[in-house]
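J.: Got a structure for you, structure_14.txt, holding compact mmCIF, C-alpha atoms and all ligand atoms.
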```
# COMPACT_ATOMS: atom_id res chain seq x y z
CA MET A 26 0.00 0.00 0.00
CA SER A 27 1.35 3.44 -0.87
CA LYS A 28 2.15 5.85 1.92
CA ILE A 29 -0.24 8.53 3.17
CA LYS A 30 1.20 11.81 1.88
CA VAL A 31 0.91 14.69 4.34
CA GLY A 32 1.06 18.47 4.08
CA PHE A 33 1.85 19.67 7.63
CA LEU A 34 0.79 23.15 8.78
CA GLY A 35 1.89 24.88 11.99
CA LEU A 36 5.18 24.18 13.75
CA GLY A 37 4.77 25.73 17.17
CA ASN A 38 5.19 23.55 20.27
CA ARG A 39 2.32 21.27 19.39
CA GLY A 40 3.15 20.91 15.72
CA ARG A 41 6.78 19.98 16.43
CA CYS A 42 5.73 17.41 19.03
CA MET A 43 3.13 15.77 16.74
CA LEU A 44 5.46 15.87 13.72
CA THR A 45 8.11 14.02 15.73
CA THR A 46 5.57 11.35 16.76
CA ILE A 47 4.38 10.88 13.18
CA VAL A 48 7.85 10.53 11.73
CA LYS A 49 9.07 8.23 14.53
CA CYS A 50 6.01 5.99 14.87
CA PHE A 51 4.11 5.82 11.54
CA GLU A 52 6.05 4.15 8.74
CA ASN A 53 2.99 4.30 6.48
CA VAL A 54 3.07 8.12 6.47
CA GLU A 55 5.30 10.48 4.49
CA ILE A 56 5.63 14.17 5.33
CA VAL A 57 5.73 15.78 1.89
CA ALA A 58 5.76 19.44 2.94
CA VAL A 59 5.98 21.45 6.16
CA CYS A 60 4.85 25.04 6.64
CA ASP A 61 4.90 27.82 9.20
CA PRO A 62 5.02 31.58 8.52
CA TYR A 63 7.96 31.79 10.98
CA ILE A 64 10.95 30.60 8.98
CA GLU A 65 12.85 29.29 12.02
CA ARG A 66 9.88 27.07 12.93
CA ALA A 67 9.47 25.82 9.36
CA GLU A 68 13.17 24.99 9.34
CA GLU A 69 12.81 23.09 12.62
CA GLY A 70 10.06 21.05 10.97
CA VAL A 71 12.41 20.10 8.13
CA GLU A 72 15.08 19.17 10.69
CA ILE A 73 12.69 16.87 12.60
CA VAL A 74 11.88 14.95 9.41
CA ARG A 75 15.53 14.84 8.43
CA VAL A 76 16.68 13.51 11.83
CA PHE A 77 13.91 11.01 12.60
CA GLY A 78 12.75 10.12 9.09
CA LYS A 79 16.03 10.42 7.17
CA TYR A 80 14.39 12.24 4.28
CA GLU A 81 13.82 15.86 3.25
CA PRO A 82 10.33 17.39 3.03
CA ALA A 83 9.57 20.54 1.03
CA MET A 84 9.36 23.71 3.10
CA THR A 85 7.31 26.87 2.65
CA LEU A 86 6.09 29.84 4.69
CA ASN A 87 2.82 29.94 2.76
CA SER A 88 0.07 27.40 3.53
CA ASP A 89 -1.64 28.05 0.14
CA GLU A 90 1.35 26.40 -1.51
CA VAL A 91 0.97 23.25 0.62
CA ILE A 92 -2.77 22.94 0.14
CA ALA A 93 -2.46 23.38 -3.64
CA ARG A 94 0.08 20.56 -4.05
CA ASP A 95 -1.19 17.60 -6.05
CA ASP A 96 1.18 15.14 -4.36
CA ILE A 97 -0.49 15.17 -0.92
CA ASP A 98 -3.57 13.24 0.33
CA VAL A 99 -4.12 14.99 3.62
CA VAL A 100 -3.59 18.34 5.30
CA MET A 101 -2.81 18.30 9.02
CA ILE A 102 -3.48 21.56 10.88
CA PHE A 103 -1.52 22.38 14.06
CA THR A 104 -1.85 26.16 13.87
CA SER A 105 -3.20 28.76 16.24
CA TRP A 106 -6.99 28.54 16.71
CA GLU A 107 -7.88 31.45 14.43
CA ALA A 108 -6.49 29.70 11.35
CA HIS A 109 -8.15 26.27 11.84
CA VAL A 110 -11.43 26.73 9.98
CA ASP A 111 -10.11 28.73 7.00
CA LEU A 112 -7.36 26.17 6.41
CA ALA A 113 -9.67 23.18 6.85
CA VAL A 114 -12.27 24.54 4.42
CA GLN A 115 -9.59 25.46 1.89
CA ALA A 116 -8.07 21.96 2.14
CA MET A 117 -11.44 20.21 1.76
CA ARG A 118 -12.25 22.25 -1.33
CA ALA A 119 -8.84 21.24 -2.71
CA GLY A 120 -9.80 17.56 -2.19
CA LYS A 121 -7.53 16.90 0.79
CA LYS A 122 -8.67 15.04 3.91
CA VAL A 123 -8.16 17.05 7.07
CA ALA A 124 -6.88 16.45 10.59
CA MET A 125 -7.28 19.49 12.79
CA GLU A 126 -6.00 20.26 16.27
CA VAL A 127 -8.37 21.06 19.11
CA GLY A 128 -9.79 24.49 19.88
CA GLY A 129 -13.18 26.20 19.91
CA ALA A 130 -14.75 28.03 16.98
CA TYR A 131 -15.03 31.81 16.76
CA SER A 132 -18.61 31.82 15.44
CA LEU A 133 -21.44 29.50 14.47
CA HIS A 134 -20.84 30.72 10.93
CA ASP A 135 -17.43 29.00 11.06
CA CYS A 136 -19.06 25.73 12.17
CA ASN A 137 -21.55 25.98 9.31
CA ARG A 138 -18.75 26.68 6.82
CA LEU A 139 -17.15 23.38 7.82
CA ILE A 140 -20.46 21.52 7.51
CA ASP A 141 -21.20 23.12 4.10
CA ALA A 142 -17.75 22.22 2.81
CA TYR A 143 -18.27 18.63 3.99
CA HIS A 144 -21.66 18.36 2.30
CA GLU A 145 -20.28 19.81 -0.93
CA THR A 146 -17.08 17.76 -1.07
CA GLY A 147 -17.72 14.62 1.03
CA ILE A 148 -14.22 15.10 2.44
CA HIS A 149 -13.77 14.00 6.05
CA VAL A 150 -12.41 16.20 8.82
CA MET A 151 -11.25 14.75 12.13
CA MET A 152 -10.55 16.81 15.21
CA LEU A 153 -7.48 15.33 16.90
CA GLU A 154 -9.09 15.18 20.34
CA ASN A 155 -6.53 13.05 22.12
CA ALA A 156 -8.35 13.08 25.48
CA CYS A 157 -10.92 10.68 23.99
CA TYR A 158 -8.11 8.11 23.69
CA CYS A 159 -6.93 8.14 27.31
CA ASP A 160 -6.76 4.70 28.84
CA THR A 161 -9.17 5.81 31.58
CA GLU A 162 -11.67 7.65 29.36
CA LEU A 163 -11.87 4.67 26.98
CA ALA A 164 -12.36 2.23 29.86
CA VAL A 165 -15.06 4.43 31.44
CA LEU A 166 -16.83 4.55 28.07
CA LYS A 167 -16.87 0.75 28.06
CA MET A 168 -18.21 0.69 31.64
CA VAL A 169 -21.01 3.01 30.49
CA ARG A 170 -21.78 0.90 27.40
CA GLU A 171 -21.97 -2.25 29.55
CA GLY A 172 -24.40 -0.60 31.97
CA LEU A 173 -22.13 -0.55 35.03
CA PHE A 174 -23.45 2.90 36.00
CA GLY A 175 -27.07 2.34 34.90
CA GLU A 176 -28.69 5.18 32.99
CA ILE A 177 -26.41 8.20 32.71
CA VAL A 178 -27.99 11.31 34.18
CA HIS A 179 -25.19 13.85 34.56
CA CYS A 180 -21.54 14.36 33.55
CA GLU A 181 -18.91 16.90 34.47
CA GLY A 182 -15.61 17.86 32.93
CA GLY A 183 -13.07 20.63 33.00
CA TYR A 184 -10.00 22.02 31.39
CA MET A 185 -8.26 22.85 34.64
CA HIS A 186 -4.70 23.77 33.87
CA ASP A 187 -2.70 26.67 35.25
CA LEU A 188 -1.66 28.42 32.01
CA ARG A 189 -0.69 31.78 33.50
CA ASP A 190 2.90 31.70 32.29
CA GLU A 191 1.93 30.37 28.84
CA VAL A 192 -0.72 33.08 28.36
CA ALA A 193 1.36 35.93 29.79
CA GLY A 194 4.41 34.83 27.76
CA GLY A 195 2.46 35.10 24.52
CA ASN A 196 4.39 38.05 23.08
CA LYS A 197 7.76 36.49 23.76
CA ASN A 198 6.69 33.06 22.52
CA LYS A 199 4.53 34.31 19.63
CA HIS A 200 1.64 32.38 21.18
CA TYR A 201 -2.00 32.92 20.24
CA ARG A 202 -3.54 32.39 23.68
CA LEU A 203 -2.54 35.87 24.93
CA ARG A 204 -4.59 37.78 22.34
CA ASN A 205 -7.57 35.51 23.03
CA TYR A 206 -7.41 36.07 26.82
CA LEU A 207 -7.10 39.83 26.35
CA ASN A 208 -10.08 40.10 24.02
CA ARG A 209 -12.58 37.30 24.64
CA ASN A 210 -14.58 35.87 27.55
CA CYS A 211 -15.78 32.34 26.86
CA GLU A 212 -15.30 28.58 27.32
CA ASN A 213 -12.37 28.78 24.89
CA TYR A 214 -11.13 25.16 25.16
CA PRO A 215 -14.15 22.87 25.50
CA THR A 216 -13.09 19.75 23.63
CA HIS A 217 -10.68 18.00 26.02
CA GLU A 218 -13.45 17.79 28.59
CA PHE A 219 -16.51 17.55 26.38
CA GLY A 220 -15.15 15.08 23.78
CA PRO A 221 -15.17 12.04 26.10
CA ILE A 222 -18.48 13.16 27.63
CA ALA A 223 -20.05 13.49 24.16
CA LYS A 224 -19.16 9.86 23.48
CA VAL A 225 -20.61 8.76 26.84
CA LEU A 226 -23.86 10.61 26.16
CA ASN A 227 -24.17 9.51 22.49
CA ILE A 228 -24.26 13.11 21.30
CA ASN A 229 -25.25 13.14 17.58
CA HIS A 230 -26.22 9.44 17.83
CA GLY A 231 -29.60 9.36 19.57
CA ASN A 232 -28.96 12.42 21.69
CA ARG A 233 -28.05 16.05 21.13
CA ILE A 234 -27.31 19.27 22.99
CA LEU A 235 -30.43 21.41 23.34
CA SER A 236 -29.12 24.47 25.16
CA LEU A 237 -26.21 25.95 27.01
CA SER A 238 -25.76 28.61 29.69
CA SER A 239 -22.35 29.98 30.65
CA PHE A 240 -21.18 32.11 33.52
CA ALA A 241 -17.85 33.88 33.93
CA SER A 242 -16.19 34.79 37.21
CA LYS A 243 -14.22 38.01 37.46
CA ALA A 244 -10.80 38.09 35.78
CA ARG A 245 -8.09 38.60 38.38
CA GLY A 246 -5.58 35.71 38.12
CA LEU A 247 -3.62 36.91 35.08
CA LYS A 248 -3.64 40.53 36.16
CA GLU A 249 -2.13 39.69 39.53
CA PHE A 250 0.32 37.28 37.90
CA VAL A 251 1.73 39.82 35.42
CA ASN A 252 1.83 42.58 38.01
CA SER A 253 3.85 40.39 40.37
CA HIS A 254 6.20 39.31 37.52
CA ALA A 255 6.51 42.81 36.06
CA GLU A 256 10.10 42.30 34.95
CA ASP A 257 9.04 39.36 32.71
CA TYR A 258 5.92 40.94 31.19
CA PRO A 259 6.44 44.76 31.33
CA GLU A 260 4.12 45.36 28.35
CA LEU A 261 1.19 43.70 30.18
CA VAL A 262 1.47 45.43 33.55
CA GLY A 263 -1.81 47.14 34.40
CA ARG A 264 -3.66 45.56 31.46
CA ASP A 265 -7.13 44.10 32.01
CA PHE A 266 -7.91 40.65 30.66
CA ARG A 267 -11.44 39.99 29.43
CA GLN A 268 -11.27 36.23 30.01
CA GLY A 269 -12.87 35.35 33.36
CA ASP A 270 -10.81 33.08 35.61
CA ILE A 271 -13.47 30.37 35.94
CA ILE A 272 -16.05 29.74 33.24
CA THR A 273 -18.93 27.45 34.18
CA THR A 274 -21.11 26.08 31.41
CA VAL A 275 -24.32 24.13 31.94
CA ILE A 276 -25.50 22.01 29.03
CA THR A 277 -28.89 20.32 28.65
CA CYS A 278 -29.40 17.33 26.36
CA ALA A 279 -32.38 15.94 24.48
CA ASP A 280 -32.41 12.76 26.63
CA GLY A 281 -32.66 14.83 29.83
CA ALA A 282 -29.01 14.49 30.88
CA THR A 283 -27.10 17.56 32.04
CA VAL A 284 -23.40 18.45 31.78
CA VAL A 285 -21.31 20.98 33.69
CA LEU A 286 -18.01 22.14 32.16
CA ASN A 287 -15.35 24.31 33.81
CA LEU A 288 -12.59 26.25 32.11
CA ASP A 289 -10.12 27.06 34.89
CA THR A 290 -6.76 28.19 33.49
CA THR A 291 -5.69 31.44 35.17
CA LEU A 292 -5.63 30.72 38.91
CA PRO A 293 -3.05 28.61 40.78
CA ARG A 294 -4.10 24.94 40.70
CA THR A 295 -3.12 21.37 39.81
CA TYR A 296 -4.05 19.78 36.46
CA SER A 297 -7.39 18.01 36.06
CA ARG A 298 -10.05 17.30 33.46
CA LYS A 299 -12.48 16.46 36.27
CA PHE A 300 -14.12 13.76 34.15
CA THR A 301 -17.21 12.67 36.09
CA VAL A 302 -20.00 10.31 35.06
CA ARG A 303 -23.11 9.90 37.23
CA GLY A 304 -25.69 7.19 36.62
CA THR A 305 -28.58 5.48 38.37
CA LYS A 306 -26.37 2.57 39.49
CA GLY A 307 -22.98 4.18 40.05
CA SER A 308 -20.41 6.81 39.19
CA PHE A 309 -16.88 7.54 38.05
CA TYR A 310 -14.86 10.45 39.46
CA GLU A 311 -11.52 11.32 37.85
CA ASP A 312 -10.31 13.54 40.68
CA MET A 313 -10.47 10.65 43.16
CA ASN A 314 -9.83 8.03 40.45
CA SER A 315 -12.81 6.25 41.91
CA VAL A 316 -15.63 4.02 40.75
CA TYR A 317 -18.62 3.92 43.08
CA ILE A 318 -21.20 1.16 42.67
CA ASP A 319 -24.57 1.25 44.42
CA GLU A 320 -24.31 -1.65 46.87
CA PRO A 321 -25.89 -2.15 50.31
CA GLY A 322 -24.22 0.18 52.79
CA ALA A 323 -21.99 1.82 50.18
CA HIS A 324 -23.54 5.23 50.66
CA GLU A 325 -22.48 5.25 54.34
CA ARG A 326 -18.81 5.11 53.39
CA ASP A 327 -16.59 8.16 53.22
CA ALA A 328 -15.74 9.34 49.68
CA LYS A 329 -12.02 9.11 50.49
CA SER A 330 -12.34 5.35 51.12
CA TYR A 331 -12.98 4.97 47.37
CA TRP A 332 -9.71 6.73 46.47
CA ASP A 333 -8.06 4.92 43.50
CA SER A 334 -10.81 2.27 43.35
CA ALA A 335 -11.06 2.88 39.57
CA LYS A 336 -7.68 1.23 39.01
CA GLU A 337 -9.01 -2.34 38.87
CA TYR A 338 -12.01 -1.31 36.73
CA VAL A 339 -9.79 0.49 34.22
CA LYS A 340 -7.72 -2.70 33.91
CA LYS A 341 -10.82 -4.87 33.46
CA TYR A 342 -12.54 -2.63 30.88
CA ARG A 343 -9.36 -1.69 29.01
CA HIS A 344 -9.60 -0.90 25.28
CA PRO A 345 -7.56 -3.50 23.30
CA LEU A 346 -5.68 -0.60 21.69
CA TRP A 347 -3.88 0.01 24.95
CA ASP A 348 -2.73 -3.61 25.28
CA LYS A 349 -1.54 -3.68 21.69
CA TYR A 350 0.15 -0.28 21.36
CA GLU A 351 1.01 0.82 24.90
CA GLU A 352 4.78 0.51 24.50
CA ILE A 353 5.06 2.57 21.31
CA ALA A 354 2.27 4.95 22.38
CA ARG A 355 4.07 5.89 25.60
CA THR A 356 6.97 7.19 23.50
CA SER A 357 4.60 9.91 22.21
CA GLY A 358 3.26 12.99 23.99
CA HIS A 359 0.56 13.23 26.68
CA ASP A 360 1.19 9.77 28.06
CA GLY A 361 0.52 8.01 24.79
CA VAL A 362 -2.73 9.53 23.61
CA ASP A 363 -1.02 11.54 20.85
CA PHE A 364 -0.01 8.27 19.17
CA MET A 365 -3.53 6.88 19.61
CA VAL A 366 -5.35 9.83 18.07
CA LEU A 367 -2.90 9.99 15.15
CA GLY A 368 -3.35 6.25 14.64
CA ALA A 369 -7.11 6.76 14.51
CA PHE A 370 -6.82 9.45 11.85
CA PHE A 371 -4.38 7.51 9.67
CA GLU A 372 -6.48 4.34 9.92
CA SER A 373 -9.57 6.21 8.68
CA VAL A 374 -7.57 7.70 5.78
CA GLU A 375 -6.11 4.35 4.78
CA LYS A 376 -9.50 2.62 4.88
CA GLY A 377 -11.32 5.56 3.27
CA VAL A 378 -14.00 5.64 5.99
CA THR A 379 -15.53 8.15 8.39
CA PRO A 380 -13.09 8.92 11.23
CA PRO A 381 -14.06 8.08 14.83
CA ILE A 382 -14.37 11.82 15.56
CA ASP A 383 -16.31 13.01 12.54
CA ILE A 384 -17.29 16.41 11.18
CA TYR A 385 -20.50 16.52 13.28
CA ASP A 386 -18.58 15.74 16.49
CA THR A 387 -15.98 18.32 15.52
CA VAL A 388 -18.37 21.23 14.92
CA THR A 389 -20.63 20.35 17.86
CA TRP A 390 -17.70 20.45 20.27
CA MET A 391 -16.29 23.64 18.67
CA ALA A 392 -19.66 25.44 18.80
CA ILE A 393 -19.62 25.44 22.61
CA THR A 394 -17.13 28.32 22.46
CA PRO A 395 -19.10 30.98 20.51
CA LEU A 396 -22.33 29.99 22.25
CA SER A 397 -20.70 30.32 25.67
CA GLU A 398 -19.42 33.75 24.63
CA LYS A 399 -22.95 34.78 23.71
CA SER A 400 -24.49 33.38 26.90
CA ILE A 401 -21.90 35.11 29.13
CA ALA A 402 -22.57 38.40 27.34
CA LEU A 403 -26.27 37.88 28.08
CA GLY A 404 -25.59 37.34 31.80
CA GLY A 405 -25.81 33.52 31.62
CA ALA A 406 -29.02 33.33 29.59
CA PRO A 407 -29.66 29.93 27.99
CA VAL A 408 -28.93 29.86 24.26
CA ASP A 409 -30.28 27.29 21.81
CA PHE A 410 -27.79 24.81 20.42
CA PRO A 411 -28.05 24.14 16.66
CA ASP A 412 -28.55 20.65 15.27
CA PHE A 413 -25.66 20.41 12.82
CA THR A 414 -26.74 16.91 11.75
CA GLY A 415 -29.95 18.15 10.11
CA GLY A 416 -32.07 15.73 12.15
CA LYS A 417 -29.83 12.69 11.72
CA TRP A 418 -28.93 12.79 15.42
CA ILE A 419 -31.96 10.57 16.06
CA LEU A 420 -30.28 7.68 14.23
CA PRO A 421 -28.39 5.25 16.46
CA ARG A 422 -24.65 4.81 16.25
CA GLU A 423 -23.48 2.34 13.59
CA LYS A 424 -21.11 -0.36 14.76
CA SER A 425 -17.60 0.50 13.62
CA ASP A 426 -14.99 -2.00 12.44
CA LEU A 427 -12.13 0.44 13.00
CA GLU A 428 -9.32 -0.74 15.26
CA PHE A 429 -9.16 2.75 16.77
CA THR A 430 -12.91 2.91 17.26
CA LEU A 431 -14.46 5.04 19.97
CA ASP A 432 -17.82 3.30 19.46
CA TRP A 433 -17.07 0.24 21.46
N1 LIG B 501 -4.31 18.11 21.90
C1 LIG B 501 -3.42 18.60 22.76
O1 LIG B 501 -3.09 17.97 23.75
C2 LIG B 501 -2.84 19.95 22.48
C3 LIG B 501 -1.78 20.46 23.25
C4 LIG B 501 -1.26 21.71 22.94
C5 LIG B 501 -1.80 22.45 21.89
N2 LIG B 501 -2.84 21.93 21.17
C6 LIG B 501 -3.42 22.65 20.03
O2 LIG B 501 -2.43 22.76 19.02
C7 LIG B 501 -2.60 23.98 18.29
C8 LIG B 501 -1.29 24.76 18.28
O3 LIG B 501 -0.88 25.03 19.58
P1 LIG B 501 0.62 25.55 19.90
O4 LIG B 501 0.73 25.61 21.37
O5 LIG B 501 1.60 24.78 19.12
O6 LIG B 501 0.55 27.02 19.32
P2 LIG B 501 1.76 27.94 18.79
O7 LIG B 501 1.26 29.34 18.78
O8 LIG B 501 3.00 27.61 19.56
O9 LIG B 501 1.97 27.43 17.28
C9 LIG B 501 1.04 27.65 16.28
C10 LIG B 501 1.83 27.84 15.01
O10 LIG B 501 0.90 27.92 13.91
C11 LIG B 501 1.51 28.79 12.96
N3 LIG B 501 0.54 29.22 11.95
C12 LIG B 501 -0.43 30.17 12.04
N4 LIG B 501 -1.10 30.28 10.88
C13 LIG B 501 -0.54 29.36 10.03
C14 LIG B 501 -0.79 28.99 8.68
N5 LIG B 501 -1.74 29.56 7.95
N6 LIG B 501 -0.04 28.01 8.13
C15 LIG B 501 0.94 27.40 8.83
N7 LIG B 501 1.22 27.72 10.12
C16 LIG B 501 0.48 28.69 10.72
C17 LIG B 501 2.06 29.90 13.82
O11 LIG B 501 3.03 30.67 13.13
C18 LIG B 501 2.65 29.12 14.98
O12 LIG B 501 4.01 28.81 14.79
C19 LIG B 501 -3.76 24.70 18.96
O13 LIG B 501 -4.94 24.39 18.29
C20 LIG B 501 -3.83 24.07 20.36
O14 LIG B 501 -5.09 24.14 20.93
C21 LIG B 501 -3.34 20.70 21.44
```
Let me see the file written as structure tokens.
T.:
Amino acid sequence: MSKIKVGFLGLGNRGRCMLTTIVKCFENVEIVAVCDPYIERAEEGVEIVRVFGKYEPAMTLNSDEVIARDDIDVVMIFTSWEAHVDLAVQAMRAGKKVAMEVGGAYSLHDCNRLIDAYHETGIHVMMLENACYCDTELAVLKMVREGLFGEIVHCEGGYMHDLRDEVAGGNKNKHYRLRNYLNRNCENYPTHEFGPIAKVLNINHGNRILSLSSFASKARGLKEFVNSHAEDYPELVGRDFRQGDIITTVITCADGATVVLNLDTTLPRTYSRKFTVRGTKGSFYEDMNSVYIDEPGAHERDAKSYWDSAKEYVKKYRHPLWDKYEEIARTSGHDGVDFMVLGAFFESVEKGVTPPIDIYDTVTWMAITPLSEKSIALGGAPVDFPDFTGGKWILPREKSDLEFTLDW
């Protein structure tokens, strides 16, 4: 079988890390061209392919030149958020399959542009939501599918990651987050937490989001951080940030389930995605790594006595992917999930089938961002959530034969 030929866009931290994983771990993939408007980053991309792949890709500072090439099958987008949708639509219209990094949309119009391009071209887009491929998230999905927790009533998730130095260092590091935190107030990174929850709740396969309400706390964390590190960020001293420190989003679903999401990135804290699944027969709580099953007397026990009780369940309900690929996966970023999500994309390209995170998943998860922005501006008022599937959400999930399936 001939190799999958890739045009690779965006060589910041994330792009360089994913490029290294691709070249080191996927022999069936060839990087034909790399691109970043910053020449030093584009050159680093070439160097990564040269060192780990022992071949020389083309290099350009202009993404139009990559997308127009007739010797590539796919375009992989690792750019700043603002460029995702334009590049994806352009690539689809040029007949190239698309893998796109995570990030929220800027408007519903952007989500609809992606859907329109898909309907017109039939070209698949996959969001590279690696959190869906975590050992734990995949095992919890299996527990849900096998009824361990009964009927699922409520889920919670968060992107809870102290990013103060990354955001404040945006000018020095040419990083896009700074301009977003200065100018917007929204759930700007919903997919790490909502992706796994969407799979648990069968969103777009028998269920859908009906409405969303978002609330923003005041914005103090970054301001205090830059003021107390004035020598590192002199240009930001005294500036106000629009992005609230804690964004809380409440989602209602057609089947009656509710979801609470938290974006929590500008106050001191430890990392968590707070993945929580609550059902009529039991629960999973990421923060305590615990599985709670409704058994006689269980409710009298202290929550702390369940600490780490999920360990044995995660082993028992483990996705076969993790047994097969764990060793090679752990050589990639984020504890192995980068390998897994890339494997899922390349498998769908090779087999010419719909990827496990499809265009409807992608736009649904991205749409949380502009709708949260609107709801916050309206003081937390509920806003309707569009049905991007055009009514097809009522159809059940089709069984997938993919090795990297999320529908298991
Ligand atoms: N899934 C994960 O675990 C994970 C982790 C980190 C970042 N990310 C995502 O990866 C993406 C990039 O993040 P980052 O931290 O590397 O950002 P970054 O700002 O360090 O790098 C982005 C790069 O994209 C380049 N770029 C912008 N427009 C371009 C275009 N038209 N063509 C080619 N290159 C272009 C920029 O010049 C920059 O070098 C974001 O979507 C982010 O959310 C995902």
J.: Give me the residues within 6 Å of Ala406 of chain A as a ChimeraX atom specification, counting all atoms listed in the file and dropping any in the same chain fewer than 3 places off.
T.: /A:238,400,403
J.: Just the number, please: distance in Å from atom CA of Arg204 of chain A to atom CA of Ile102 of chain A, one decimal.
T.: 19.9 Å
J.: Would you compute the distance between atom CA of Ile401 of chain A and atom N1 of ligand LIG 501 (chain B)? Give it in Å to one decimal.
T.: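 Spanning atom CA of Ile401 of chain A to atom N1 of ligand LIG 501 (chain B) is a straight-line distance of 25.5 Å.
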J.: Would you mind listing the residues within 7 Å of ligand LIG 501 (chain B), counting only C-alpha atoms and all ligand atoms, as a VMD selection string?
T.: chain A and resid 34 to 40 60 to 63 66 87 to 88 103 to 106 108 112 126 to 128 153 to 155 199 to 201 359
J.: Find the residue from A:Ala392, A:Val59, A:Val285, A:Ile64 that sits nearest to Tyr131 of chain A; use all atoms listed in the file when measuring.
T.: A:Ala392
J.: So which one's closest to Val251 of chain A, A:Pro411, A:Gly361, A:Pro321, A:Gly195? Using all atoms listed in the file, please.
T.: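 When distances to Val251 of chain A are compared using all atoms listed in the file, the smallest one comes from A:Gly195.
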J.: From the options A:Trp433, A:Leu188, A:Glu81, A:Pro259, which residue's atoms come nearest to Arg294 of chain A, counting only C-alpha atoms?
T.: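 Ranking A:Trp433, A:Leu188, A:Glu81, A:Pro259 by distance to Arg294 of chain A, first place goes to A:Leu188.
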J.: Atom CA of Tyr214 of chain A and atom CA of Glu423 of chain A, how far apart in Å?
T.: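 Interatomic distance here is 28.4 Å.
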J.: Here is a test: counting only C-alpha atoms, which residue of A:Ile92, A:Met168, A:Val54, A:Ala113 is nearest to Val339 of chain A?
T.: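 Among the listed residues, the smallest separation from Val339 of chain A belongs to A:Met168.
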J.: Show me, as a PyMOL selection string, the residues that have an atom within 9 Å of segment 369-375 of chain A when counting all atoms listed in the file, minus same-chain residues fewer than 3 positions from it.
T.: chain A and resi 26+28-29+51+53-54+98-99+122+124+149+151-153+364-366+378-382+427-430
J.: Find the residue from A:Val150, A:Ala193, A:Leu431, A:Leu44 that sits nearest to Thr387 of chain A; use all atoms listed in the file when measuring.
T.: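 Going through A:Val150, A:Ala193, A:Leu431, A:Leu44 one by one, the smallest distance to Thr387 of chain A is for A:Val150.
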J.: Show me as a JSON list (two decimals) with C-alpha atoms, in the coordinates of the input the residues that reach within 12 Å of (-7.1, -0.3, 35.5), counting only C-alpha atoms and using the file's own coordinates.
T.:
```json
[["chain", "number", "residue", "atom", "x", "y", "z"],
["A", 159, "CYS", "CA", -6.93, 8.14, 27.31],
["A", 160, "ASP", "CA", -6.76, 4.70, 28.84],
["A", 161, "THR", "CA", -9.17, 5.81, 31.58],
["A", 162, "GLU", "CA", -11.67, 7.65, 29.36],
["A", 163, "LEU", "CA", -11.87, 4.67, 26.98],
["A", 164, "ALA", "CA", -12.36, 2.23, 29.86],
["A", 165, "VAL", "CA", -15.06, 4.43, 31.44],
["A", 168, "MET", "CA", -18.21, 0.69, 31.64],
["A", 314, "ASN", "CA", -9.83, 8.03, 40.45],
["A", 315, "SER", "CA", -12.81, 6.25, 41.91],
["A", 316, "VAL", "CA", -15.63, 4.02, 40.75],
["A", 333, "ASP", "CA", -8.06, 4.92, 43.50],
["A", 334, "SER", "CA", -10.81, 2.27, 43.35],
["A", 335, "ALA", "CA", -11.06, 2.88, 39.57],
["A", 336, "LYS", "CA", -7.68, 1.23, 39.01],
["A", 337, "GLU", "CA", -9.01, -2.34, 38.87],
["A", 338, "TYR", "CA", -12.01, -1.31, 36.73],
["A", 339, "VAL", "CA", -9.79, 0.49, 34.22],
["A", 340, "LYS", "CA", -7.72, -2.70, 33.91],
["A", 341, "LYS", "CA", -10.82, -4.87, 33.46],
["A", 342, "TYR", "CA", -12.54, -2.63, 30.88],
["A", 343, "ARG", "CA", -9.36, -1.69, 29.01],
["A", 344, "HIS", "CA", -9.60, -0.90, 25.28],
["A", 347, "TRP", "CA", -3.88, 0.01, 24.95],
["A", 348, "ASP", "CA", -2.73, -3.61, 25.28]]
```
J.: Could you give me, as number ranges by chain, the residues that have an atom at most 9 Å away from the point (-11.5, 27.9, 36.3) in the coordinates of the file, using all atoms listed in the file?
T.: A: 183-187, 242, 269-273, 287-292
